[in-house]
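Pasting query_20.txt here (compact mmCIF, C-alpha atoms):
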```
# COMPACT_ATOMS: atom_id res chain seq x y z
CA MET A 249 19.97 -6.82 -6.57
CA ASN A 250 22.61 -6.60 -9.27
CA VAL A 251 23.95 -3.12 -9.90
CA HIS A 252 25.84 -1.59 -12.78
CA SER A 253 28.10 1.35 -13.11
CA ALA A 254 26.71 4.49 -14.67
CA GLY A 255 28.61 3.89 -17.90
CA ALA A 256 27.61 0.26 -18.36
CA PRO A 257 25.46 -0.53 -21.40
CA PRO A 258 21.82 -1.51 -20.77
CA VAL A 259 21.31 -5.19 -20.08
CA PRO A 260 18.73 -6.83 -22.38
CA ILE A 261 15.59 -7.85 -20.52
CA ALA A 262 14.31 -11.36 -21.24
CA SER A 263 10.78 -11.66 -22.58
CA ASP A 264 9.59 -13.70 -19.59
CA ALA A 265 10.65 -10.88 -17.26
CA ARG A 266 8.82 -8.30 -19.39
CA HIS A 267 5.66 -10.43 -19.43
CA ALA A 268 5.90 -10.97 -15.69
CA ARG A 269 6.30 -7.24 -15.08
CA ARG A 270 3.09 -6.55 -17.02
CA ALA A 271 1.26 -9.34 -15.19
CA ILE A 272 2.30 -8.23 -11.71
CA SER A 273 1.55 -4.61 -12.62
CA LEU A 274 -1.96 -5.71 -13.62
CA LEU A 275 -2.38 -7.48 -10.29
CA PHE A 276 -1.30 -4.33 -8.43
CA LEU A 277 -3.83 -2.33 -10.45
CA LEU A 278 -6.64 -4.78 -9.73
CA ASN A 279 -5.76 -4.88 -6.05
CA GLY A 280 -6.07 -1.10 -5.87
CA ALA A 281 -9.23 -0.82 -7.95
CA SER A 282 -11.27 -3.64 -6.41
CA PHE A 283 -11.32 -2.38 -2.83
CA CYS A 284 -11.00 1.34 -3.50
CA ALA A 285 -14.19 1.30 -5.57
CA ILE A 286 -15.99 0.73 -2.25
CA MET A 287 -14.61 3.78 -0.45
CA PRO A 288 -16.60 6.55 -2.19
CA ARG A 289 -19.73 4.64 -1.15
CA TYR A 290 -18.90 4.61 2.54
CA PRO A 291 -21.33 7.49 3.22
CA GLU A 292 -24.17 5.33 1.84
CA LEU A 293 -23.15 2.38 3.99
CA VAL A 294 -22.92 4.59 7.07
CA GLU A 295 -26.38 6.05 6.41
CA SER A 296 -28.05 2.77 5.47
CA ILE A 297 -26.78 0.96 8.56
CA GLY A 298 -27.16 4.03 10.81
CA LEU A 299 -23.60 4.30 12.14
CA SER A 300 -21.87 7.07 14.02
CA ASN A 301 -18.33 8.08 13.10
CA THR A 302 -17.07 6.18 16.13
CA ALA A 303 -18.95 2.98 15.21
CA PHE A 304 -17.87 3.22 11.59
CA GLY A 305 -14.25 3.87 12.56
CA LEU A 306 -14.35 0.85 14.86
CA ALA A 307 -15.64 -1.38 12.05
CA ILE A 308 -12.92 -0.10 9.71
CA GLY A 309 -10.33 -0.61 12.45
CA ILE A 310 -11.42 -4.17 13.18
CA GLY A 311 -11.07 -5.11 9.53
CA PRO A 312 -7.24 -5.11 9.55
CA VAL A 313 -7.29 -7.70 12.34
CA GLY A 314 -7.86 -10.17 9.52
CA GLY A 315 -4.76 -8.83 7.81
CA LEU A 316 -2.68 -8.96 11.00
CA VAL A 317 -3.53 -12.63 11.49
CA ALA A 318 -3.54 -13.81 7.87
CA GLY A 319 -0.40 -11.88 6.97
CA LEU A 320 1.66 -14.14 9.21
CA ALA A 321 0.76 -17.04 6.92
CA ALA A 322 2.09 -15.32 3.79
CA ALA A 323 5.72 -16.46 4.14
CA PRO A 324 4.96 -20.20 4.63
CA LEU A 325 2.35 -20.09 1.86
CA MET A 326 4.85 -18.54 -0.54
CA ARG A 327 7.49 -21.11 0.38
CA ARG A 328 5.09 -23.92 -0.43
CA PHE A 329 3.15 -22.62 -3.42
CA GLY A 330 5.20 -19.69 -4.76
CA SER A 331 4.44 -16.00 -4.61
CA ALA A 332 2.65 -15.89 -7.99
CA ARG A 333 0.02 -18.52 -7.16
CA VAL A 334 -0.56 -17.14 -3.67
CA ALA A 335 -0.94 -13.55 -4.91
CA VAL A 336 -3.46 -14.43 -7.62
CA LEU A 337 -5.59 -16.76 -5.53
CA ALA A 338 -5.70 -14.32 -2.62
CA GLN A 339 -6.77 -11.50 -4.96
CA VAL A 340 -9.63 -13.59 -6.36
CA ILE A 341 -10.74 -14.35 -2.80
CA ALA A 342 -10.46 -10.64 -1.92
CA SER A 343 -12.73 -9.67 -4.84
CA THR A 344 -15.27 -12.20 -3.55
CA THR A 345 -15.24 -10.80 -0.02
CA HIS A 346 -15.69 -7.26 -1.34
CA LEU A 347 -19.18 -8.24 -2.45
CA ALA A 348 -19.98 -9.01 1.20
CA VAL A 349 -18.89 -5.48 2.13
CA TYR A 350 -21.21 -3.92 -0.45
CA VAL A 351 -24.27 -5.77 0.87
CA SER A 352 -23.58 -5.21 4.59
CA GLY A 353 -26.78 -4.76 6.55
CA SER A 354 -25.46 -4.30 10.07
CA TRP A 355 -22.37 -3.19 11.95
CA LEU A 356 -21.41 -6.80 12.72
CA TRP A 357 -21.82 -7.83 9.10
CA LEU A 358 -19.71 -4.90 7.89
CA ALA A 359 -16.95 -5.58 10.42
CA GLY A 360 -16.90 -9.30 9.60
CA ALA A 361 -16.79 -8.68 5.84
CA LEU A 362 -13.92 -6.24 6.28
CA VAL A 363 -12.00 -8.77 8.38
CA LEU A 364 -12.24 -11.33 5.57
CA ALA A 365 -11.41 -8.75 2.90
CA MET A 366 -8.36 -7.51 4.78
CA ALA A 367 -7.17 -11.07 5.44
CA ALA A 368 -7.14 -11.83 1.71
CA ASP A 369 -5.69 -8.43 0.86
CA SER A 370 -2.82 -8.85 3.31
CA ILE A 371 -1.67 -12.08 1.68
CA THR A 372 -2.08 -10.57 -1.79
CA ASP A 373 -0.10 -7.50 -0.78
CA ILE A 374 2.87 -9.41 0.61
CA SER A 375 3.04 -12.03 -2.12
CA MET A 376 2.64 -9.68 -5.10
CA ASN A 377 5.39 -7.45 -3.67
CA ALA A 378 7.60 -10.52 -3.25
CA HIS A 379 7.00 -11.57 -6.86
CA GLY A 380 7.52 -8.00 -8.02
CA MET A 381 10.96 -8.00 -6.42
CA ARG A 382 11.82 -11.20 -8.31
CA VAL A 383 11.12 -9.30 -11.52
CA GLU A 384 13.05 -6.26 -10.29
CA ARG A 385 16.11 -8.44 -9.78
CA ARG A 386 15.78 -9.60 -13.38
CA TYR A 387 15.68 -5.97 -14.51
CA ARG A 388 18.68 -5.06 -12.32
CA ARG A 389 17.28 -1.60 -11.65
CA SER A 390 14.56 -0.02 -9.55
CA ILE A 391 11.03 -0.70 -10.79
CA MET A 392 9.22 -1.24 -7.47
CA ASN A 393 7.74 2.25 -7.38
CA SER A 394 6.13 1.66 -10.77
CA TYR A 395 4.27 -1.37 -9.38
CA HIS A 396 2.87 0.74 -6.60
CA GLY A 397 2.12 3.40 -9.20
CA TRP A 398 -0.12 0.88 -10.93
CA TRP A 399 -1.77 0.16 -7.56
CA SER A 400 -2.45 3.87 -7.11
CA LEU A 401 -3.72 4.15 -10.69
CA GLY A 402 -6.07 1.28 -9.93
CA ALA A 403 -7.13 3.03 -6.73
CA VAL A 404 -7.91 6.21 -8.69
CA ALA A 405 -9.88 4.19 -11.24
CA GLY A 406 -11.75 2.43 -8.45
CA GLY A 407 -12.46 5.74 -6.75
CA LEU A 408 -13.83 7.21 -9.97
CA ILE A 409 -15.96 4.09 -10.57
CA GLY A 410 -17.37 4.20 -7.05
CA SER A 411 -17.99 7.97 -7.20
CA THR A 412 -19.73 7.69 -10.57
CA PHE A 413 -21.88 4.75 -9.50
CA ALA A 414 -22.81 6.63 -6.32
CA GLN A 415 -23.84 9.71 -8.31
CA LEU A 416 -25.89 7.56 -10.70
CA GLY A 417 -27.55 5.70 -7.82
CA VAL A 418 -26.34 2.25 -8.91
CA PRO A 419 -27.24 -0.24 -6.14
CA LEU A 420 -24.33 -1.30 -3.99
CA TRP A 421 -24.85 -4.99 -4.69
CA VAL A 422 -24.73 -4.42 -8.46
CA GLN A 423 -21.37 -2.69 -8.16
CA GLY A 424 -20.15 -5.59 -6.02
CA VAL A 425 -21.17 -8.23 -8.56
CA ILE A 426 -19.57 -6.33 -11.44
CA GLY A 427 -16.35 -5.99 -9.45
CA LEU A 428 -16.26 -9.69 -8.60
CA ILE A 429 -16.66 -10.77 -12.23
CA VAL A 430 -14.31 -8.25 -13.85
CA PHE A 431 -11.55 -7.99 -11.24
CA GLY A 432 -11.60 -11.68 -10.36
CA ALA A 433 -11.37 -12.85 -13.97
CA LEU A 434 -8.51 -10.49 -14.84
CA ALA A 435 -6.56 -11.54 -11.75
CA ALA A 436 -6.93 -15.23 -12.58
CA GLY A 437 -5.76 -14.61 -16.15
CA SER A 438 -2.55 -12.88 -15.03
CA LEU A 439 -1.07 -16.04 -13.48
CA ARG A 440 0.11 -17.63 -16.72
CA PHE A 441 2.46 -14.70 -17.44
CA MET A 442 4.28 -14.64 -14.09
CA LEU A 443 7.75 -16.05 -13.46
CA PRO A 444 8.00 -19.82 -13.00
CA GLY A 445 10.27 -21.56 -10.54
CA HIS A 446 11.21 -21.00 -6.92
CA ASP A 447 11.03 -17.49 -5.48
CA ALA A 448 14.72 -17.62 -4.57
CA THR A 449 15.78 -18.21 -8.20
CA GLU A 450 17.05 -14.65 -8.67
CA ARG A 451 18.81 -14.52 -5.31
CA THR A 452 22.45 -15.14 -6.22
CA PRO A 453 25.48 -13.85 -4.30
CA ALA A 454 25.99 -11.23 -7.02
CA ALA A 455 22.41 -10.08 -6.63
CA ALA A 456 22.75 -9.08 -3.01
CA GLY A 457 21.21 -5.64 -2.94
CA PRO A 458 21.25 -2.59 -0.73
CA SER A 459 19.74 -2.72 2.70
CA ALA A 460 18.22 -0.13 4.99
CA GLY A 461 20.52 2.78 5.69
CA SER A 462 21.06 1.85 9.29
CA GLY A 463 21.37 -1.75 8.20
CA ALA A 464 24.55 -0.90 6.34
CA GLU A 465 26.35 -1.53 9.59
CA VAL A 466 24.99 -5.07 9.82
CA PRO A 467 27.55 -7.65 8.64
CA ALA A 468 26.74 -9.32 5.34
CA GLU A 469 26.62 -12.63 7.16
CA ILE A 470 25.21 -12.52 10.65
CA ALA A 471 26.53 -15.37 12.73
CA PRO A 472 23.76 -17.68 13.91
CA SER A 473 24.50 -17.05 17.56
CA GLY A 474 22.63 -15.28 20.32
CA LEU A 475 18.89 -14.82 20.65
CA ARG A 476 17.06 -15.02 17.34
CA ILE A 477 13.38 -14.42 16.59
CA ALA A 478 11.90 -15.79 13.34
CA GLY A 479 15.48 -16.39 12.19
CA MET A 480 16.52 -12.76 12.84
CA SER A 481 18.97 -11.32 15.34
CA LEU A 482 17.62 -8.69 17.70
CA ARG A 483 19.47 -6.05 15.70
CA ALA A 484 17.88 -7.13 12.44
CA LEU A 485 14.48 -7.35 14.12
CA GLY A 486 14.89 -3.80 15.40
CA LEU A 487 15.69 -2.52 11.90
CA ILE A 488 12.76 -4.40 10.41
CA SER A 489 10.47 -3.01 13.13
CA ALA A 490 11.64 0.54 12.37
CA LEU A 491 10.84 -0.03 8.70
CA GLY A 492 7.45 -1.27 9.83
CA MET A 493 6.83 1.93 11.80
CA VAL A 494 7.43 3.95 8.63
CA LEU A 495 4.55 2.02 7.07
CA VAL A 496 2.36 2.44 10.15
CA PHE A 497 2.39 6.19 9.57
CA ALA A 498 2.27 5.90 5.77
CA GLY A 499 -0.73 3.59 5.97
CA SER A 500 -2.44 5.83 8.50
CA THR A 501 -2.00 8.76 6.12
CA GLU A 502 -3.58 6.79 3.28
CA ASP A 503 -6.44 5.86 5.61
CA ALA A 504 -7.17 9.55 6.18
CA GLY A 505 -8.20 9.85 2.54
CA ASN A 506 -9.45 6.31 1.99
CA THR A 507 -11.78 6.03 4.97
CA TRP A 508 -12.54 9.62 5.92
CA GLY A 509 -12.07 11.67 2.74
CA ALA A 510 -15.63 11.34 1.41
CA LEU A 511 -17.17 11.66 4.88
CA PHE A 512 -15.05 14.77 5.56
CA MET A 513 -16.16 16.42 2.31
CA THR A 514 -19.80 15.53 2.99
CA SER A 515 -19.92 16.67 6.60
CA THR A 516 -17.77 19.78 6.20
CA PHE A 517 -18.85 21.11 2.79
CA ALA A 518 -22.11 19.22 2.05
CA ALA A 519 -20.45 17.94 -1.13
CA THR A 520 -22.35 15.90 -3.72
CA PRO A 521 -21.60 12.15 -3.77
CA PHE A 522 -19.28 12.46 -6.77
CA PHE A 523 -17.37 15.48 -5.46
CA ALA A 524 -17.07 13.90 -2.01
CA GLY A 525 -15.21 11.01 -3.61
CA MET A 526 -12.69 13.43 -5.08
CA ALA A 527 -10.84 13.67 -1.74
CA PHE A 528 -9.90 10.03 -2.13
CA VAL A 529 -9.15 10.50 -5.83
CA ALA A 530 -6.92 13.53 -5.07
CA LEU A 531 -4.86 11.55 -2.56
CA GLN A 532 -4.51 8.51 -4.79
CA GLY A 533 -4.00 10.57 -7.95
CA ALA A 534 -1.08 12.47 -6.44
CA GLN A 535 0.26 9.22 -5.06
CA THR A 536 0.07 7.72 -8.55
CA ILE A 537 2.19 10.53 -9.95
CA GLY A 538 4.63 10.19 -7.06
CA ARG A 539 5.02 6.48 -7.63
CA PHE A 540 5.45 6.53 -11.40
CA THR A 541 8.16 9.16 -10.97
CA GLY A 542 9.43 7.62 -7.74
CA ASP A 543 12.04 5.30 -9.22
CA PHE A 544 13.72 8.27 -10.91
CA VAL A 545 13.63 10.38 -7.72
CA VAL A 546 14.70 7.60 -5.35
CA ASP A 547 17.62 6.56 -7.56
CA ARG A 548 18.96 10.11 -7.29
CA LEU A 549 18.01 11.24 -3.79
CA GLY A 550 17.75 7.92 -1.96
CA ASP A 551 14.78 6.55 -0.06
CA ARG A 552 15.59 8.46 3.12
CA THR A 553 15.75 11.96 1.63
CA THR A 554 12.71 11.27 -0.55
CA ALA A 555 10.72 10.16 2.51
CA ARG A 556 11.67 13.24 4.51
CA LEU A 557 10.84 15.59 1.64
CA GLY A 558 7.48 13.89 1.20
CA ALA A 559 6.70 14.13 4.92
CA LEU A 560 7.30 17.88 4.88
CA VAL A 561 5.09 18.37 1.81
CA GLY A 562 2.31 16.25 3.32
CA ALA A 563 2.41 18.04 6.66
CA ILE A 564 2.27 21.48 5.04
CA GLY A 565 -0.54 20.50 2.67
CA MET A 566 -2.82 18.96 5.29
CA SER A 567 -2.15 21.81 7.73
CA LEU A 568 -3.29 24.25 5.04
CA ALA A 569 -6.46 22.21 4.47
CA MET A 570 -7.36 22.27 8.15
CA LEU A 571 -6.42 25.92 8.76
CA VAL A 572 -8.24 27.24 5.66
CA PRO A 573 -11.26 24.92 5.22
CA HIS A 574 -12.46 25.06 1.62
CA PRO A 575 -13.16 22.31 -0.92
CA VAL A 576 -10.15 23.39 -2.99
CA THR A 577 -7.69 23.51 -0.07
CA ALA A 578 -9.05 20.16 1.11
CA LEU A 579 -8.26 18.52 -2.21
CA ILE A 580 -4.82 20.15 -2.21
CA GLY A 581 -4.19 18.82 1.31
CA PHE A 582 -5.21 15.26 0.47
CA ALA A 583 -3.12 15.40 -2.71
CA ALA A 584 -0.07 16.62 -0.76
CA ALA A 585 -0.51 13.79 1.74
CA GLY A 586 -0.75 11.22 -1.05
CA TRP A 587 2.35 12.50 -2.82
CA GLY A 588 4.20 12.66 0.48
CA VAL A 589 3.90 8.94 1.22
CA ALA A 590 4.05 7.73 -2.40
CA THR A 591 7.43 5.95 -2.25
CA LEU A 592 7.31 4.62 1.31
CA PHE A 593 5.67 1.24 0.75
CA PRO A 594 8.00 0.13 -2.08
CA SER A 595 11.04 1.54 -0.25
CA ALA A 596 10.26 -0.24 3.00
CA PHE A 597 9.37 -3.53 1.31
CA ARG A 598 12.57 -3.48 -0.74
CA ALA A 599 14.76 -2.65 2.25
CA ALA A 600 13.15 -5.40 4.34
CA ASP A 601 13.48 -8.02 1.62
CA ASP A 602 17.13 -7.14 0.91
CA MET A 603 18.28 -6.81 4.52
CA PRO A 604 21.19 -9.13 5.38
CA GLY A 605 20.50 -11.69 8.06
CA VAL A 606 16.74 -11.78 7.46
CA PRO A 607 15.31 -15.05 6.05
CA HIS A 608 13.61 -14.90 2.65
CA GLY A 609 9.99 -13.75 2.95
CA VAL A 610 10.19 -12.96 6.67
CA GLY A 611 11.26 -9.31 6.46
CA ILE A 612 8.59 -8.35 3.95
CA THR A 613 5.97 -10.24 5.98
CA VAL A 614 6.86 -8.45 9.22
CA VAL A 615 6.91 -5.03 7.56
CA GLY A 616 3.56 -5.75 5.90
CA TRP A 617 2.19 -6.81 9.29
CA PHE A 618 3.21 -3.47 10.78
CA ALA A 619 1.41 -1.64 7.96
CA ARG A 620 -1.79 -3.50 8.85
CA LEU A 621 -1.28 -2.48 12.45
CA GLY A 622 -1.57 1.16 11.39
CA PHE A 623 -4.81 0.48 9.52
CA PHE A 624 -6.09 -1.29 12.65
CA VAL A 625 -5.25 1.41 15.21
CA THR A 626 -5.99 4.70 13.50
CA PRO A 627 -9.60 4.53 12.14
CA PRO A 628 -11.22 4.19 15.60
CA ILE A 629 -9.07 7.08 16.87
CA VAL A 630 -10.08 9.36 14.00
CA GLY A 631 -13.72 8.29 14.33
CA ALA A 632 -13.82 9.07 18.06
CA LEU A 633 -12.11 12.43 17.51
CA GLY A 634 -14.54 13.17 14.68
CA ASP A 635 -17.55 12.61 16.94
CA ALA A 636 -15.98 14.70 19.69
CA PHE A 637 -14.58 17.60 17.62
CA THR A 638 -15.77 17.09 13.96
CA LEU A 639 -13.65 15.49 11.25
CA ARG A 640 -12.03 18.81 10.39
CA TYR A 641 -10.24 18.82 13.72
CA ALA A 642 -9.78 15.04 13.85
CA LEU A 643 -7.73 15.09 10.65
CA TRP A 644 -5.10 17.28 12.30
CA ILE A 645 -3.69 13.88 13.21
CA VAL A 646 -2.28 13.60 9.67
CA PRO A 647 0.55 16.13 10.23
CA LEU A 648 1.43 14.04 13.31
CA TYR A 649 1.75 11.00 11.06
CA MET A 650 4.22 12.97 8.97
CA LEU A 651 6.26 13.70 12.10
CA GLY A 652 6.38 9.95 12.76
CA ILE A 653 7.71 9.37 9.24
CA LEU A 654 10.45 11.93 9.85
CA VAL A 655 11.44 10.17 13.08
CA PHE A 656 11.68 6.66 11.64
CA SER A 657 12.85 7.45 8.10
CA GLY A 658 16.48 7.23 9.21
CA VAL A 659 16.27 3.46 8.79
CA LEU A 660 15.68 3.84 5.05
CA GLU A 661 18.66 3.66 2.75
CA THR A 662 20.48 6.72 1.50
CA ARG A 663 21.37 7.25 -2.14
CA ARG A 664 21.41 3.92 -4.01
CA ARG A 665 25.03 3.79 -5.08
CA GLY A 666 25.83 2.51 -8.56
CA LEU A 667 22.28 1.61 -9.49
CA ARG A 668 21.67 1.89 -13.21
CA THR A 669 18.58 4.01 -13.94
CA ALA A 670 18.12 3.53 -17.66
```
Represent the supplied structure as structure tokens.
Amino acid sequence: MNVHSAGAPPVPIASDARHARRAISLLFLLNGASFCAIMPRYPELVESIGLSNTAFGLAIGIGPVGGLVAGLAAAPLMRRFGSARVAVLAQVIASTTHLAVYVSGSWLWLAGALVLAMAADSITDISMNAHGMRVERRYRRSIMNSYHGWWSLGAVAGGLIGSTFAQLGVPLWVQGVIGLIVFGALAAGSLRFMLPGHDATERTPAAAGPSAGSGAEVPAEIAPSGLRIAGMSLRALGLISALGMVLVFAGSTEDAGNTWGALFMTSTFAATPFFAGMAFVALQGAQTIGRFTGDFVVDRLGDRTTARLGALVGAIGMSLAMLVPHPVTALIGFAAAGWGVATLFPSAFRAADDMPGVPHGVGITVVGWFARLGFFVTPPIVGALGDAFTLRYALWIVPLYMLGILVFSGVLETRRRGLRTA
């Protein structure tokens, strides 16, 4: 990424870059809204199918298997077709598979639909982040957090849509059809405004950007000697894996609100369908604020300090919610958790994509794969703990996620030296 000194005048942004930023921001928003509209209706699915917390958690946990497998195909697909085409097509496919989730009639059907949905979502996630970083290089300043802010805004909108439809008693299948038509059409229309050309177009020697903090010790050019995996040295693979672990815990924190928020509010406080969905909205709403302000904060504090501050806030907030169970403290806790992990996905994706010695597309694919691993492992654990001890006690696992972020956040970069923030 090109950088400028603090006193340098702003660099004019070409119109194609501005159009592409709007288009990729729209895709992030649609990606967040389309799936997150389902989550406030999880209690209805659980009741209609007759699932226990353990069975439901297992179905949710199996879903990311599709992402773990499909995500490995993202890099070769982007090399062949370009990140823009892959992102848009995968999002249209994802909106189609969401309809299958809405009309699930059995545990097997639900698990299978989630596998397909997560497979499409994984490819969308990796490729739209890759295209977003192309645009960021054109801007020559940090804008990645704003993309993820649009995702969170879409997630909030989806959560409000799902909560409202649940309160009004709109059939699940109707919501699914509306989502397919609206979200699918908007995604398809965004393609014409994205950047043309090869994904490596903006990667010039002058555009070499910052890497993970620990990666600063890695030579700019790693000699192609010794054991290499997927084109990476063992050292680079270790750094990429550490970045991935940050996202394991960040994704697991998001899952606490996404999967269990409405069920927690229903089982613990007998909340109405709309108010139950507010746990998810609180997490995503706070995350939205954290992401739209994240570029400003990260440019001044660095990814590492921002991550550690967020982990402390999230741990304190969720501990309060569990120690003093009340609808208000619960919403505060979910909001604190959402704000705490707000910048981690863009920070980890950027560090992985910019890391020296890592082939184009591979770092971001591996880090994205790790994130899916977190979504795969944690829902069955929380579900089993919820059946054994109630969800109030099961969600004590969230402060443990924050501890994991503190442990692995050292791999994130420190203050981004010389980056223009205008």
Show me, as a tab-separated table (two decimals) with C-alpha atoms, in the frame of the given file, the residues that have an atom within 9 Å of segment 434-443 of chain A when counting only C-alpha atoms, minus same-chain residues fewer than 5 positions from it.
```
chain	number	residue	atom	x	y	z
A	264	ASP	CA	9.59	-13.70	-19.59
A	265	ALA	CA	10.65	-10.88	-17.26
A	267	HIS	CA	5.66	-10.43	-19.43
A	268	ALA	CA	5.90	-10.97	-15.69
A	269	ARG	CA	6.30	-7.24	-15.08
A	270	ARG	CA	3.09	-6.55	-17.02
A	271	ALA	CA	1.26	-9.34	-15.19
A	272	ILE	CA	2.30	-8.23	-11.71
A	274	LEU	CA	-1.96	-5.71	-13.62
A	275	LEU	CA	-2.38	-7.48	-10.29
A	278	LEU	CA	-6.64	-4.78	-9.73
A	279	ASN	CA	-5.76	-4.88	-6.05
A	332	ALA	CA	2.65	-15.89	-7.99
A	333	ARG	CA	0.02	-18.52	-7.16
A	335	ALA	CA	-0.94	-13.55	-4.91
A	336	VAL	CA	-3.46	-14.43	-7.62
A	337	LEU	CA	-5.59	-16.76	-5.53
A	339	GLN	CA	-6.77	-11.50	-4.96
A	340	VAL	CA	-9.63	-13.59	-6.36
A	379	HIS	CA	7.00	-11.57	-6.86
A	382	ARG	CA	11.82	-11.20	-8.31
A	383	VAL	CA	11.12	-9.30	-11.52
A	429	ILE	CA	-16.66	-10.77	-12.23
```
Contacts of segment 301-312 of chain A within 9 Å, all atoms listed in the file, excl. fewer than 4 positions in-chain, as a count of residues only: 35
Proximity to Val422 of chain A - best of A:Leu277, A:Ile286, A:Ala555, A:Leu325, only C-alpha atoms: A:Ile286
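Shortest separation to Trp398 of chain A among A:Gly280, A:Gly353, A:Gly609, A:Gly492 occurs at residue A:Gly280, atoms counted being all atoms listed in the file.
Distances here use all atoms listed in the file; by that measure, the residue among A:Ala519, A:Pro573, A:Phe597, A:Phe283 closest to Val610 of chain A is A:Phe597.
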Point-to-point distance in Å for atom CA of Phe329 of chain A and atom CA of Ala368 of chain A: 15.8 Å
Between atom CA of Gly319 of chain A and atom CA of Arg483 of chain A - distance in Å to one decimal: 22.5 Å
Spatial neighbours of Ala484 of chain A, max dist 7 Å, only C-alpha atoms, sep filter under 4 positions, as a PyMOL selection string: chain A and resi 480+488+605-606
Same residues, C-alpha atoms, output as a short mmCIF file (atom, residue, chain, number, x, y, z; two decimals), in the coordinates of the input:
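Wrote it out as result_29.cif, contents follow:
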```cif
data_model
loop_
_atom_site.label_atom_id
_atom_site.label_comp_id
_atom_site.auth_asym_id
_atom_site.auth_seq_id
_atom_site.Cartn_x
_atom_site.Cartn_y
_atom_site.Cartn_z
CA MET A 480 16.52 -12.76 12.84
CA ILE A 488 12.76 -4.40 10.41
CA GLY A 605 20.50 -11.69 8.06
CA VAL A 606 16.74 -11.78 7.46
#
```
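Between atom CA of Phe528 of chain A and atom CA of Leu651 of chain A there is a distance of 21.8 Å.
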Counting all atoms listed in the file, the residue of A:Ala348, A:Ala285, A:Ala403, A:Val615 that sits nearest Leu487 of chain A: A:Val615
Selected residue, from A:Ser343, A:Leu560, A:Asp373, A:Val546, that lies nearest to Ile426 of chain A when counting only C-alpha atoms: A:Ser343
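Within the 10 Å cut-off around Ile537 of chain A, using all atoms listed in the file and omitting residues fewer than 4 positions from it on the same chain, the listed residues are Ser394, Gly397, Trp398, Ser400, Leu401, Gln532, Gly533, Thr541, Gly542, Gly586, Trp587 and Ala590 of chain A.
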Contacts of Phe497 of chain A at 7 Å (all atoms listed in the file; same-chain gap of 4+ positions) as a ChimeraX atom specification: /A:493,501,622,649,652-653
Nearest candidate to Leu592 of chain A (options A:Ser263, A:Thr412, A:Ser481, A:Thr554; using all atoms listed in the file): A:Thr554
